[in-house]
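Structure below is structure.txt: compact mmCIF, C-alpha atoms (C1' of nucleotides).
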```txt
# COMPACT_ATOMS: atom_id res chain seq x y z
CA MET J 1 45.23 62.38 -21.27
CA ASP J 2 47.10 61.34 -18.16
CA ALA J 3 49.49 58.42 -17.97
CA LYS J 4 47.05 55.96 -16.41
CA GLU J 5 44.43 56.70 -19.06
CA ILE J 6 47.04 55.86 -21.68
CA LEU J 7 47.70 52.55 -19.97
CA LEU J 8 44.00 51.76 -19.73
CA SER J 9 43.33 52.41 -23.37
CA HIS J 10 46.36 50.29 -24.21
CA LEU J 11 44.94 47.43 -22.14
CA ARG J 12 41.53 47.85 -23.73
CA GLU J 13 43.03 47.05 -27.13
CA THR J 14 43.58 43.48 -25.95
CA ILE J 15 41.27 42.72 -23.02
CA ASP J 16 37.94 43.83 -21.57
CA LEU J 17 37.89 45.35 -18.09
CA THR J 18 34.99 46.37 -15.89
CA PRO J 19 35.10 49.88 -14.40
CA GLU J 20 35.96 48.36 -11.01
CA GLU J 21 38.79 46.38 -12.53
CA GLU J 22 40.07 49.48 -14.26
CA SER J 23 40.22 51.36 -11.02
CA ILE J 24 42.09 48.49 -9.35
CA VAL J 25 44.56 48.54 -12.20
CA CYS J 26 45.06 52.30 -11.90
CA ASP J 27 45.80 51.96 -8.22
CA THR J 28 48.50 49.33 -8.66
CA TYR J 29 50.79 50.90 -11.24
CA ILE J 30 53.26 53.49 -10.07
CA GLU J 31 54.01 56.53 -12.19
CA MET J 32 57.63 57.52 -12.68
CA HIS J 33 58.91 60.69 -14.32
CA LEU J 34 62.31 60.25 -15.91
CA LYS J 35 64.84 62.80 -17.01
CA LYS J 36 66.69 62.34 -20.26
CA LYS J 37 69.42 59.71 -19.80
CA GLU J 38 68.02 58.59 -16.45
CA VAL J 39 68.57 54.87 -15.92
CA LEU J 40 65.59 52.79 -14.75
CA LEU J 41 67.39 49.46 -14.59
CA PHE J 42 71.10 48.72 -14.29
CA ALA J 43 72.74 45.56 -15.60
CA GLY J 44 73.53 43.39 -12.59
CA GLU J 45 70.34 44.30 -10.75
CA ILE J 46 67.29 42.07 -10.82
CA SER J 47 64.47 43.57 -12.83
CA ASN J 48 61.46 43.43 -10.53
CA HIS J 49 59.02 45.53 -12.53
CA MET J 50 57.06 45.47 -15.74
CA ARG J 51 57.32 48.89 -17.34
CA PHE J 52 54.90 50.69 -19.64
CA ILE J 53 55.93 53.83 -21.48
CA ALA J 54 53.19 56.45 -21.23
CA ALA J 55 55.33 59.20 -22.79
CA GLY J 56 58.81 59.64 -24.16
CA SER J 57 61.28 57.02 -25.37
CA LEU J 58 63.66 54.54 -23.78
CA ARG J 59 66.22 52.00 -24.85
CA ALA J 60 67.36 48.65 -23.50
CA TYR J 61 71.02 48.01 -24.21
CA HIS J 62 73.70 45.49 -23.46
CA MET J 63 77.25 46.51 -22.60
CA ASP J 64 79.96 44.11 -23.73
CA GLU J 65 83.37 43.42 -22.15
CA GLU J 66 84.89 46.28 -24.11
CA ALA J 67 82.24 48.65 -22.70
CA LYS J 68 80.59 48.95 -26.09
CA GLU J 69 76.84 49.40 -26.04
CA HIS J 70 74.48 47.30 -28.14
CA ILE J 71 70.87 48.40 -28.25
CA VAL J 72 68.53 45.44 -27.95
CA GLN J 73 65.22 47.30 -27.97
CA PHE J 74 63.77 50.75 -28.40
CA GLY J 75 60.51 51.76 -26.77
CA ILE J 76 58.19 54.73 -27.25
CA GLU J 77 54.83 55.64 -25.73
CA GLY J 78 52.46 52.67 -25.77
CA TRP J 79 55.28 50.10 -25.63
CA TRP J 80 56.64 47.98 -22.81
CA VAL J 81 60.34 47.96 -22.10
CA ASN J 82 62.32 45.69 -19.83
CA ASP J 83 65.03 43.08 -19.51
CA LEU J 84 62.42 40.31 -19.64
CA TYR J 85 65.13 37.72 -19.06
CA SER J 86 65.84 39.19 -15.68
CA TYR J 87 62.22 39.83 -14.80
CA LEU J 88 61.07 36.32 -15.61
CA THR J 89 63.93 34.40 -14.07
CA GLU J 90 64.77 36.80 -11.23
CA THR J 91 68.41 36.75 -12.19
CA PRO J 92 70.71 39.78 -12.67
CA ALA J 93 69.85 41.83 -15.74
CA LYS J 94 72.20 41.80 -18.70
CA GLN J 95 70.74 45.01 -20.03
CA PHE J 96 70.39 48.59 -18.96
CA VAL J 97 67.11 50.40 -19.45
CA GLN J 98 67.50 54.13 -19.94
CA ALA J 99 65.38 57.10 -20.97
CA ILE J 100 66.37 58.65 -24.29
CA GLU J 101 63.97 61.58 -23.92
CA PRO J 102 62.24 62.85 -20.77
CA SER J 103 59.69 60.10 -20.21
CA ILE J 104 56.80 58.89 -18.10
CA VAL J 105 56.76 55.23 -17.17
CA LEU J 106 54.12 53.24 -15.30
CA GLN J 107 55.60 50.29 -13.49
CA ILE J 108 54.36 47.44 -11.37
CA HIS J 109 56.34 45.14 -9.10
CA ARG J 110 56.34 41.42 -9.83
CA ASP J 111 54.74 40.63 -6.45
CA THR J 112 52.04 43.23 -6.96
CA LEU J 113 51.41 41.94 -10.46
CA ASN J 114 51.03 38.38 -9.22
CA GLN J 115 48.41 39.59 -6.76
CA LEU J 116 46.73 41.58 -9.50
CA TYR J 117 46.47 38.42 -11.61
CA GLU J 118 44.14 37.00 -8.98
CA LYS J 119 42.02 40.12 -8.63
CA VAL J 120 41.82 40.81 -12.36
CA PRO J 121 42.26 37.58 -14.33
CA ALA J 122 42.16 39.32 -17.71
CA ILE J 123 45.47 40.93 -16.79
CA GLU J 124 47.15 37.56 -16.68
CA ARG J 125 45.95 36.87 -20.18
CA PHE J 126 47.20 40.30 -21.27
CA TYR J 127 50.71 39.57 -20.04
CA ARG J 128 50.79 36.06 -21.41
CA LEU J 129 50.11 37.56 -24.84
CA LYS J 130 52.74 40.25 -24.20
CA PHE J 131 55.39 37.65 -23.41
CA GLU J 132 54.49 35.75 -26.55
CA LYS J 133 54.79 38.87 -28.66
CA ALA J 134 58.09 39.72 -27.06
CA TYR J 135 59.38 36.31 -28.05
CA VAL J 136 58.13 36.74 -31.58
CA ALA J 137 59.73 40.15 -31.94
CA LEU J 138 63.03 38.84 -30.64
CA GLN J 139 62.95 35.88 -32.98
CA ASP J 140 62.22 38.12 -35.94
CA ARG J 141 65.14 40.29 -34.97
CA THR J 142 67.48 37.33 -34.57
CA ILE J 143 66.57 35.76 -37.90
CA ASN J 144 66.76 39.15 -39.53
CA SER J 145 70.24 39.95 -38.31
CA MET J 146 71.38 36.49 -39.34
CA SER J 147 70.23 36.66 -42.91
CA LYS J 148 70.33 40.28 -44.01
CA SER J 149 72.96 42.87 -44.82
CA ALA J 150 73.25 46.09 -42.84
CA GLU J 151 71.69 48.02 -45.70
CA GLU J 152 68.66 45.74 -45.84
CA ARG J 153 68.30 45.89 -42.06
CA TYR J 154 68.40 49.68 -42.14
CA LEU J 155 65.80 49.96 -44.88
CA GLU J 156 63.50 47.61 -42.98
CA PHE J 157 64.02 49.52 -39.77
CA ARG J 158 63.16 52.74 -41.50
CA SER J 159 59.92 51.50 -42.96
CA LYS J 160 58.88 49.65 -39.82
CA TYR J 161 59.80 52.26 -37.22
CA ARG J 162 59.66 55.59 -38.99
CA SER J 163 58.49 57.31 -35.82
CA ILE J 164 61.47 56.02 -33.88
CA GLU J 165 63.96 56.89 -36.58
CA GLN J 166 62.93 60.53 -36.38
CA ARG J 167 63.31 60.75 -32.62
CA VAL J 168 66.48 58.96 -31.61
CA PRO J 169 70.06 59.85 -32.53
CA GLN J 170 71.48 58.04 -35.52
CA TYR J 171 74.31 56.49 -33.58
CA MET J 172 71.72 54.66 -31.53
CA ILE J 173 70.07 53.31 -34.64
CA ALA J 174 73.49 52.14 -35.79
CA SER J 175 73.90 50.38 -32.45
CA TYR J 176 70.50 48.74 -32.83
CA LEU J 177 71.41 47.59 -36.34
CA GLY J 178 74.76 46.24 -35.17
CA ILE J 179 76.94 48.62 -37.19
CA THR J 180 79.10 51.67 -36.49
CA PRO J 181 77.71 55.19 -36.80
CA GLU J 182 80.28 55.92 -39.51
CA PHE J 183 79.09 53.01 -41.58
CA LEU J 184 75.45 53.99 -41.17
CA SER J 185 76.34 57.48 -42.30
CA ALA J 186 77.98 56.04 -45.40
CA LEU J 187 74.94 53.83 -46.07
CA ARG J 188 72.60 56.79 -45.85
CA LYS J 189 74.68 58.75 -48.29
CA LYS J 190 74.71 55.86 -50.72
CA ILE J 191 70.95 55.26 -50.50
CA LYS J 192 69.91 58.87 -50.97
CA MET R 1 63.93 3.24 -21.25
CA ASP R 2 61.12 3.97 -23.65
CA ALA R 3 60.30 7.37 -25.05
CA LYS R 4 57.46 8.16 -22.66
CA GLU R 5 59.60 7.27 -19.64
CA ILE R 6 62.17 9.76 -20.92
CA LEU R 7 59.50 12.44 -21.13
CA LEU R 8 58.22 11.65 -17.63
CA SER R 9 61.62 11.87 -16.04
CA HIS R 10 62.19 15.12 -17.92
CA LEU R 11 58.94 16.51 -16.50
CA ARG R 12 59.86 15.30 -13.02
CA GLU R 13 62.91 17.55 -13.04
CA THR R 14 60.59 20.56 -12.92
CA ILE R 15 57.19 19.50 -11.55
CA ASP R 16 55.64 16.83 -9.33
CA LEU R 17 53.08 14.48 -10.84
CA THR R 18 50.91 11.84 -9.22
CA PRO R 19 50.91 8.37 -10.81
CA GLU R 20 47.45 9.06 -12.22
CA GLU R 21 48.64 12.31 -13.74
CA GLU R 22 51.65 10.55 -15.22
CA SER R 23 49.46 8.04 -16.93
CA ILE R 24 47.24 10.78 -18.34
CA VAL R 25 50.34 12.49 -19.68
CA CYS R 26 51.59 9.30 -21.28
CA ASP R 27 48.30 8.83 -23.05
CA THR R 28 48.23 12.28 -24.58
CA TYR R 29 51.63 12.53 -26.27
CA ILE R 30 52.06 10.83 -29.61
CA GLU R 31 55.27 9.08 -30.46
CA MET R 32 56.82 9.69 -33.86
CA HIS R 33 59.78 7.90 -35.39
CA LEU R 34 61.73 10.01 -37.82
CA LYS R 35 64.21 9.06 -40.47
CA LYS R 36 67.33 11.10 -40.98
CA LYS R 37 66.45 14.33 -42.84
CA GLU R 38 62.73 13.80 -42.32
CA VAL R 39 60.92 17.12 -41.94
CA LEU R 40 58.47 17.50 -39.05
CA LEU R 41 57.43 21.06 -39.77
CA PHE R 42 57.61 23.05 -43.00
CA ALA R 43 57.89 26.81 -43.17
CA GLY R 44 54.51 28.14 -44.24
CA GLU R 45 52.57 25.59 -42.19
CA ILE R 46 51.16 26.44 -38.78
CA SER R 47 52.99 24.63 -36.02
CA ASN R 48 50.26 22.94 -34.01
CA HIS R 49 52.38 20.74 -31.75
CA MET R 50 54.86 20.99 -28.93
CA ARG R 51 57.65 18.54 -29.62
CA PHE R 52 59.93 16.70 -27.22
CA ILE R 53 63.00 14.85 -28.45
CA ALA R 54 63.24 11.43 -26.79
CA ALA R 55 66.12 10.29 -28.99
CA GLY R 56 68.24 11.63 -31.82
CA SER R 57 68.79 15.20 -32.92
CA LEU R 58 66.90 17.85 -34.87
CA ARG R 59 67.40 21.35 -36.13
CA ALA R 60 65.14 24.33 -36.66
CA TYR R 61 66.25 26.49 -39.54
CA HIS R 62 65.15 29.51 -41.48
CA MET R 63 65.48 29.71 -45.25
CA ASP R 64 66.12 33.19 -46.65
CA GLU R 65 65.11 34.63 -50.03
CA GLU R 66 68.27 33.26 -51.60
CA ALA R 67 67.38 29.77 -50.34
CA LYS R 68 70.21 29.85 -47.83
CA GLU R 69 69.59 28.01 -44.59
CA HIS R 70 70.20 29.56 -41.19
CA ILE R 71 70.02 27.24 -38.22
CA VAL R 72 68.17 28.88 -35.36
CA GLN R 73 68.22 26.02 -32.89
CA PHE R 74 69.64 22.55 -32.42
CA GLY R 75 67.90 19.95 -30.29
CA ILE R 76 69.00 16.61 -28.88
CA GLU R 77 67.30 14.09 -26.60
CA GLY R 78 65.74 15.81 -23.59
CA TRP R 79 65.18 19.08 -25.46
CA TRP R 80 62.11 20.65 -27.00
CA VAL R 81 62.20 21.88 -30.57
CA ASN R 82 59.69 23.97 -32.44
CA ASP R 83 58.95 27.19 -34.22
CA LEU R 84 57.48 28.70 -31.07
CA TYR R 85 56.50 31.83 -32.96
CA SER R 86 54.16 29.82 -35.11
CA TYR R 87 52.90 27.63 -32.30
CA LEU R 88 52.05 30.52 -30.01
CA THR R 89 50.51 32.85 -32.54
CA GLU R 90 49.03 30.23 -34.89
CA THR R 91 50.61 31.94 -37.86
CA PRO R 92 52.65 30.27 -40.63
CA ALA R 93 56.03 29.02 -39.45
CA LYS R 94 59.15 30.80 -40.62
CA GLN R 95 61.29 27.82 -39.79
CA PHE R 96 61.62 24.23 -40.84
CA VAL R 97 62.10 21.52 -38.21
CA GLN R 98 64.04 18.54 -39.47
CA ALA R 99 65.69 15.41 -38.06
CA ILE R 100 69.47 15.40 -38.33
CA GLU R 101 69.80 11.81 -37.10
CA PRO R 102 67.09 9.12 -36.92
CA SER R 103 65.01 10.41 -34.01
CA ILE R 104 62.07 9.77 -31.74
CA VAL R 105 59.82 12.71 -30.97
CA LEU R 106 56.83 12.92 -28.63
CA GLN R 107 54.37 15.54 -29.71
CA ILE R 108 51.13 16.96 -28.47
CA HIS R 109 48.60 19.07 -30.34
CA ARG R 110 47.83 22.56 -29.05
CA ASP R 111 44.15 21.69 -28.46
CA THR R 112 45.06 18.51 -26.59
CA LEU R 113 47.60 20.41 -24.53
CA ASN R 114 45.05 23.04 -23.59
CA GLN R 115 42.77 20.28 -22.35
CA LEU R 116 45.66 18.67 -20.52
CA TYR R 117 46.31 21.96 -18.72
CA GLU R 118 42.92 21.54 -17.06
CA LYS R 119 43.36 17.91 -16.13
CA VAL R 120 46.97 18.31 -14.94
CA PRO R 121 47.60 21.88 -13.80
CA ALA R 122 51.27 21.28 -13.10
CA ILE R 123 51.74 20.86 -16.85
CA GLU R 124 50.69 24.43 -17.45
CA ARG R 125 53.37 25.58 -15.05
CA PHE R 126 55.90 23.37 -16.78
CA TYR R 127 55.21 24.98 -20.15
CA ARG R 128 55.13 28.49 -18.78
CA LEU R 129 58.66 27.90 -17.50
CA LYS R 130 59.65 26.35 -20.84
CA PHE R 131 58.47 29.43 -22.73
CA GLU R 132 60.40 31.65 -20.37
CA LYS R 133 63.56 29.62 -20.86
CA ALA R 134 63.10 29.67 -24.60
CA TYR R 135 62.97 33.45 -24.47
CA VAL R 136 66.07 33.60 -22.32
CA ALA R 137 68.00 31.31 -24.64
CA LEU R 138 67.00 33.36 -27.65
CA GLN R 139 67.97 36.61 -25.97
CA ASP R 140 71.36 35.19 -25.01
CA ARG R 141 71.87 34.13 -28.59
CA THR R 142 70.87 37.53 -29.96
CA ILE R 143 73.10 39.50 -27.61
CA ASN R 144 75.90 37.07 -28.25
CA SER R 145 75.79 37.36 -32.00
CA MET R 146 75.62 41.14 -31.71
CA SER R 147 78.69 41.57 -29.60
CA LYS R 148 81.10 38.73 -30.38
CA SER R 149 83.31 37.70 -33.25
CA ALA R 150 82.79 34.41 -35.06
CA GLU R 151 85.81 32.95 -33.28
CA GLU R 152 84.45 33.83 -29.85
CA ARG R 153 81.05 32.49 -30.77
CA TYR R 154 82.56 29.22 -31.92
CA LEU R 155 84.64 28.76 -28.77
CA GLU R 156 81.59 29.40 -26.64
CA PHE R 157 79.50 27.00 -28.66
CA ARG R 158 82.14 24.34 -28.26
CA SER R 159 82.33 24.62 -24.51
CA LYS R 160 78.58 24.96 -24.05
CA TYR R 161 77.40 22.26 -26.45
CA ARG R 162 80.25 19.79 -26.69
CA SER R 163 77.80 16.90 -27.13
CA ILE R 164 76.15 18.61 -30.07
CA GLU R 165 79.41 19.57 -31.72
CA GLN R 166 80.41 15.94 -31.87
CA ARG R 167 77.17 14.80 -33.48
CA VAL R 168 76.21 17.30 -36.13
CA PRO R 169 78.10 18.15 -39.34
CA GLN R 170 80.38 21.13 -39.17
CA TYR R 171 78.61 23.00 -41.91
CA MET R 172 75.53 23.04 -39.70
CA ILE R 173 77.51 24.49 -36.84
CA ALA R 174 78.76 27.15 -39.23
CA SER R 175 75.17 27.89 -40.17
CA TYR R 176 74.21 28.16 -36.49
CA LEU R 177 77.11 30.53 -35.88
CA GLY R 178 76.20 32.64 -38.89
CA ILE R 179 79.36 31.99 -40.92
CA THR R 180 80.31 29.91 -43.95
CA PRO R 181 81.67 26.37 -43.58
CA GLU R 182 84.89 27.47 -45.27
CA PHE R 183 85.46 30.17 -42.72
CA LEU R 184 84.72 27.83 -39.82
CA SER R 185 87.25 25.43 -41.25
CA ALA R 186 89.82 28.21 -41.35
CA LEU R 187 89.00 29.20 -37.77
CA ARG R 188 89.46 25.65 -36.55
CA LYS R 189 92.82 25.40 -38.23
CA LYS R 190 93.92 28.66 -36.66
CA ILE R 191 92.76 27.70 -33.15
CA LYS R 192 94.35 24.25 -33.07
C1' DC N 1 84.26 -3.79 -50.57
C1' DC N 2 83.49 -0.25 -53.89
C1' DC N 3 81.25 3.57 -55.70
C1' DA N 4 78.53 7.61 -54.82
C1' DT N 5 77.46 11.01 -51.87
C1' DT N 6 78.28 13.92 -48.19
C1' DT N 7 81.37 16.59 -45.61
C1' DC N 8 85.68 19.09 -44.87
C1' DT N 9 89.72 21.73 -46.34
C1' DT N 10 92.69 24.98 -49.02
C1' DA N 11 93.61 29.12 -51.30
C1' DA N 12 93.01 33.47 -53.98
C1' DG N 13 90.55 37.38 -54.70
C1' DA N 14 86.51 40.31 -53.40
C1' DC N 15 83.52 42.94 -50.43
C1' DA N 16 81.22 44.44 -46.20
C1' DC N 17 82.12 46.61 -42.40
C1' DC N 18 85.49 48.55 -38.92
C1' DT N 19 89.05 51.78 -36.97
C1' DT N 20 90.99 56.05 -36.47
C1' DA N 21 91.11 60.79 -36.83
C1' DA N 22 89.53 64.98 -38.01
C1' DG N 23 86.31 68.38 -39.25
C1' DA N 24 81.32 70.00 -39.80
C1' DT N 25 76.72 70.40 -37.89
C1' DT N 26 73.42 70.65 -34.59
C1' DA N 27 71.63 70.94 -29.96
C1' DA N 28 72.16 72.14 -25.08
C1' DA N 29 74.00 74.90 -21.39
C1' DA N 30 75.67 79.02 -19.50
C1' DT P 1 74.24 84.85 -27.49
C1' DT P 2 78.28 82.53 -26.76
C1' DT P 3 80.30 78.45 -25.41
C1' DT P 4 80.33 73.69 -24.82
C1' DA P 5 78.85 69.33 -25.70
C1' DA P 6 76.55 66.03 -28.59
C1' DT P 7 75.93 64.22 -32.99
C1' DC P 8 76.94 63.45 -37.87
C1' DT P 9 80.01 63.13 -41.86
C1' DT P 10 84.23 62.20 -44.62
C1' DA P 11 88.08 59.61 -45.91
C1' DA P 12 92.07 56.33 -45.76
C1' DG P 13 93.56 52.10 -44.62
C1' DG P 14 92.73 47.62 -42.24
C1' DT P 15 90.37 43.25 -40.89
C1' DG P 16 86.87 39.72 -40.84
C1' DT P 17 84.26 37.11 -43.44
C1' DC P 18 82.53 35.67 -48.06
C1' DT P 19 82.76 33.66 -52.82
C1' DT P 20 84.33 30.51 -55.93
C1' DA P 21 86.52 26.50 -57.27
C1' DA P 22 88.79 22.51 -56.62
C1' DG P 23 90.43 18.60 -54.37
C1' DA P 24 90.73 15.51 -50.12
C1' DA P 25 88.61 12.86 -46.65
C1' DA P 26 84.90 10.54 -44.54
C1' DT P 27 80.56 8.20 -44.68
C1' DG P 28 76.78 5.37 -46.36
C1' DG P 29 74.33 2.37 -49.71
C1' DG P 30 74.34 -1.46 -52.58
```
Please go through the file and, once you have read it, give me the structure as C-alpha cells.
Amino acid sequence: MDAKEILLSHLRETIDLTPEEESIVCDTYIEMHLKKKEVLLFAGEISNHMRFIAAGSLRAYHMDEEAKEHIVQFGIEGWWVNDLYSYLTETPAKQFVQAIEPSIVLQIHRDTLNQLYEKVPAIERFYRLKFEKAYVALQDRTINSMSKSAEERYLEFRSKYRSIEQRVPQYMIASYLGITPEFLSALRKKIK
Amino acid sequence: MDAKEILLSHLRETIDLTPEEESIVCDTYIEMHLKKKEVLLFAGEISNHMRFIAAGSLRAYHMDEEAKEHIVQFGIEGWWVNDLYSYLTETPAKQFVQAIEPSIVLQIHRDTLNQLYEKVPAIERFYRLKFEKAYVALQDRTINSMSKSAEERYLEFRSKYRSIEQRVPQYMIASYLGITPEFLSALRKKIK
DNA sequence: CCCATTTCTTAAGACACCTTAAGATTAAAA
DNA sequence: TTTTAATCTTAAGGTGTCTTAAGAAATGGG
C-alpha cells in the first residue's frame, strides 16, 4: 500500500469522501522520504505544514537552554506530528521534528490546506477534530506528569504505547517521561 | 460596567461585531453569580458550557487518586475557564472548576453556541482562535514543567502573572507549580 | 472585637531522582 | 569481520523536593 493510500484510509476512519474528493486530496499532499535522524522542522522556523506519518517514526522535542532535549511527542505510521503551536499561530517553532527511523511523511502547506478546506469541506472537519484530540492528548500528558511518579508514568507508557516502546531507544523514552536514562534503567531493573 | 459589557469589549479585541450582532450575543450568554468556593463544574460531569469570567477569580484543578489537588489553570476577569477536554469531546470532565473569590461568570451552552455560530459567524472565528491559544498555553506549560526547576517556574510565574499571585493563596500557587506549599515557602525565603 | 478557621512558616528526616564516570552490550559502518 | 559508534547498565554520592508536625500569622464570621 503506497503512502497516499495509507493517508486515505486514515481519513476514511473519520470522514466520508467521494472518489473525486479523494483524488483531490491525493494531489495536494506532498510525499517526503526521510533518512534516519533527518530533521523536518527546526526550532526557530515557522511550521508551515501539517505532517502525516505514512511509515517510520518521528519525534518532536524541545531543547532547553542547557541544550538538553525533552521529547514532547512520538509519532509512528498513522499519526500526525508537528509543532502545532507554531503551525497554528505562525510563530517560530519551539520544537524540532526529526525522523527516528527512515520514514515517509505526507505534508501539506497551510495555504494549500486552507484552499483544500473550500474544495473538500469534510477535510476541515477532520482537522478540527484532530486539533481537539491534540489538545486532549496534551492535557492528559500534563495532568499525568503533574500527579504521577516516574515509575507510574513508565508503566502507563508501556501499556499504552507498547509498539513505540519496542521501536525507539530507551534514552528517548526516558526523555519523554522526563527522567534520565540511568534512572529509567534502574526502574526497569526494579520492576522486572 | 456590567458583565455583558465586559464580554463585549473582550470580544471586540479580536473580532468586529455589528450592533445587532452584539445584542444577539448579549441575549445568549447567561450570567452567573458565584460565591467563594462555589463549584461550577465537577469532575465526572460533562462540561456543556464555555465560561467567561467577568469578575473575580476561578481555578480548574485535577484531583488524583490520593485526593490531592493539582491546579491546571487559574482564571481572572477577562479570561475563559473550562475543562476544554470535556467540552470539546463531550466526555466526563477530569477537572473541577471552582470560584476562588466571589465571581461573575457568563456562560453559554454548547448547543446555543453552535446556533450562535450560524447567526454571528465572527463568533466562530473568535472561538477557533481561543482554542488555538488554549493549546499554546498548555504546551508552554508542559514544556516549562519538563525543563525547569521549581524555582525557575516560580520566578516565571511571578513575572508573568503578578496580578494573580497577589490574589490567590500561596498554597494554590504551589499546587499550580507542582510543589508543596512548604517547599514554596522555603523557596520564597531563599529568594528574598 | 474575639474566636475559629484558613493560610503561611520552620525544621528534621526521608525519598525520588540526578550527576558523574566507567564498563558492558548492541548496532552500524568500514 | 573488524572497528567504531550508539545505547544500556551499574554504582556512589549529591540535590531537590516531600512528609510530618508544630506553631505563627492572617483572615473572616459572629
If we draw a sphere of 8 Å around (56.6, 51.7, -11.4), which residues have at least one atom in it when counting all atoms listed in the file? Please report them as an mmCIF file with C-alpha atoms, in the frame of the given file.
```cif
data_model
loop_
_atom_site.group_PDB
_atom_site.id
_atom_site.type_symbol
_atom_site.label_atom_id
_atom_site.label_comp_id
_atom_site.auth_asym_id
_atom_site.auth_seq_id
_atom_site.Cartn_x
_atom_site.Cartn_y
_atom_site.Cartn_z
ATOM 1 C CA TYR J 29 50.790 50.900 -11.240
ATOM 2 C CA ILE J 30 53.260 53.490 -10.070
ATOM 3 C CA GLU J 31 54.010 56.530 -12.190
ATOM 4 C CA MET J 32 57.630 57.520 -12.680
ATOM 5 C CA HIS J 49 59.020 45.530 -12.530
ATOM 6 C CA MET J 50 57.060 45.470 -15.740
ATOM 7 C CA ARG J 51 57.320 48.890 -17.340
ATOM 8 C CA VAL J 105 56.760 55.230 -17.170
ATOM 9 C CA LEU J 106 54.120 53.240 -15.300
ATOM 10 C CA GLN J 107 55.600 50.290 -13.490
ATOM 11 C CA ILE J 108 54.360 47.440 -11.370
ATOM 12 C CA HIS J 109 56.340 45.140 -9.100
#
```
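Atom CA of Asp2 of chain J to atom CA of Val81 of chain J spans 19.2 Å [interatomic distance, one decimal].
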Please provide the set of residues having any atom within 12 Å of Lys192 of chain J, restricted to all atoms listed in the file, with same-chain residues fewer than 6 positions apart removed, written as a tab-separated table (two decimals) with C-alpha atoms, keeping the file's coordinate frame.
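Written file, around.tsv:
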```tsv
chain	number	residue	atom	x	y	z
J	155	LEU	CA	65.80	49.96	-44.88
J	185	SER	CA	76.34	57.48	-42.30
J	186	ALA	CA	77.98	56.04	-45.40
```
Subject >> Neighbour list for segment 1-14 of chain P as a count of residues only, cut-off 10 Å, only C-alpha atoms (C1' of nucleotides), skip fewer than 6 positions in-chain >> reply: 21
Subject >> Interatomic distance (Å, one decimal) between atom CA of Glu132 of chain R and atom CA of Ser159 of chain R >> reply: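 Between these atoms lies a distance of 23.4 Å.
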Sorted by chain and rising residue number, which residues of chain P lie within 10 Å of chain R, and what are their closest atom pairs and distances in Å to one decimal, counting all atoms listed in the file, as CSV?
```
residue,atom,partner,partner_atom,distance
P:DG16,C1',R:Ser149,CA,8.6
P:DT17,C1',R:Phe183,CA,7.1
P:DC18,C1',R:Thr180,CA,7.4
P:DT19,C1',R:Thr180,CA,9.9
```
**OP:** Between R:Ile123, R:Ile104, R:Val72, R:Ala43, single out the one closest to chain J, counting all atoms listed in the file.
**Re:**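 So, comparing all the options, the nearest one is R:Val72.
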Give me, as a tab-separated table (two decimals) with C-alpha atoms (C1' of nucleotides), keeping the file's coordinate frame, the contact residues of chain N against chain R at a cut-off of 12 Å, counting all atoms listed in the file.
```
chain	number	residue	atom	x	y	z
N	6	DT	C1'	78.28	13.92	-48.19
N	7	DT	C1'	81.37	16.59	-45.61
N	8	DC	C1'	85.68	19.09	-44.87
N	9	DT	C1'	89.72	21.73	-46.34
N	10	DT	C1'	92.69	24.98	-49.02
N	11	DA	C1'	93.61	29.12	-51.30
```
**OP:** Identify all chain R residues at most 8 Å from chain J by counting only C-alpha atoms; ligands do not count. Present them as a list in words.
**Re:**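 Residues passing the distance filter: His62, Asp64, His70, Val72, Tyr85, Leu88, Thr89, Glu132, Tyr135, Val136, Leu138, Gln139, Thr142, Ile143, Met146, Ser147 and Gly178 of chain R.
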**OP:** Grab the atom CA of Glu77 of chain R to atom CA of Ala54 of chain R distance for me, in Å with one decimal place.
**Re:**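 Rounded to one decimal, the two atoms are 4.9 Å apart.
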Subject >> segment 9-12 of chain R environment, 12 Å, only C-alpha atoms (C1' of nucleotides), sequence neighbours closer than 2 positions dropped, as a PyMOL selection string >> reply: chain R and resi 1-7+14-19+21-22+25-26+52-54+77-80+122-127+129-130
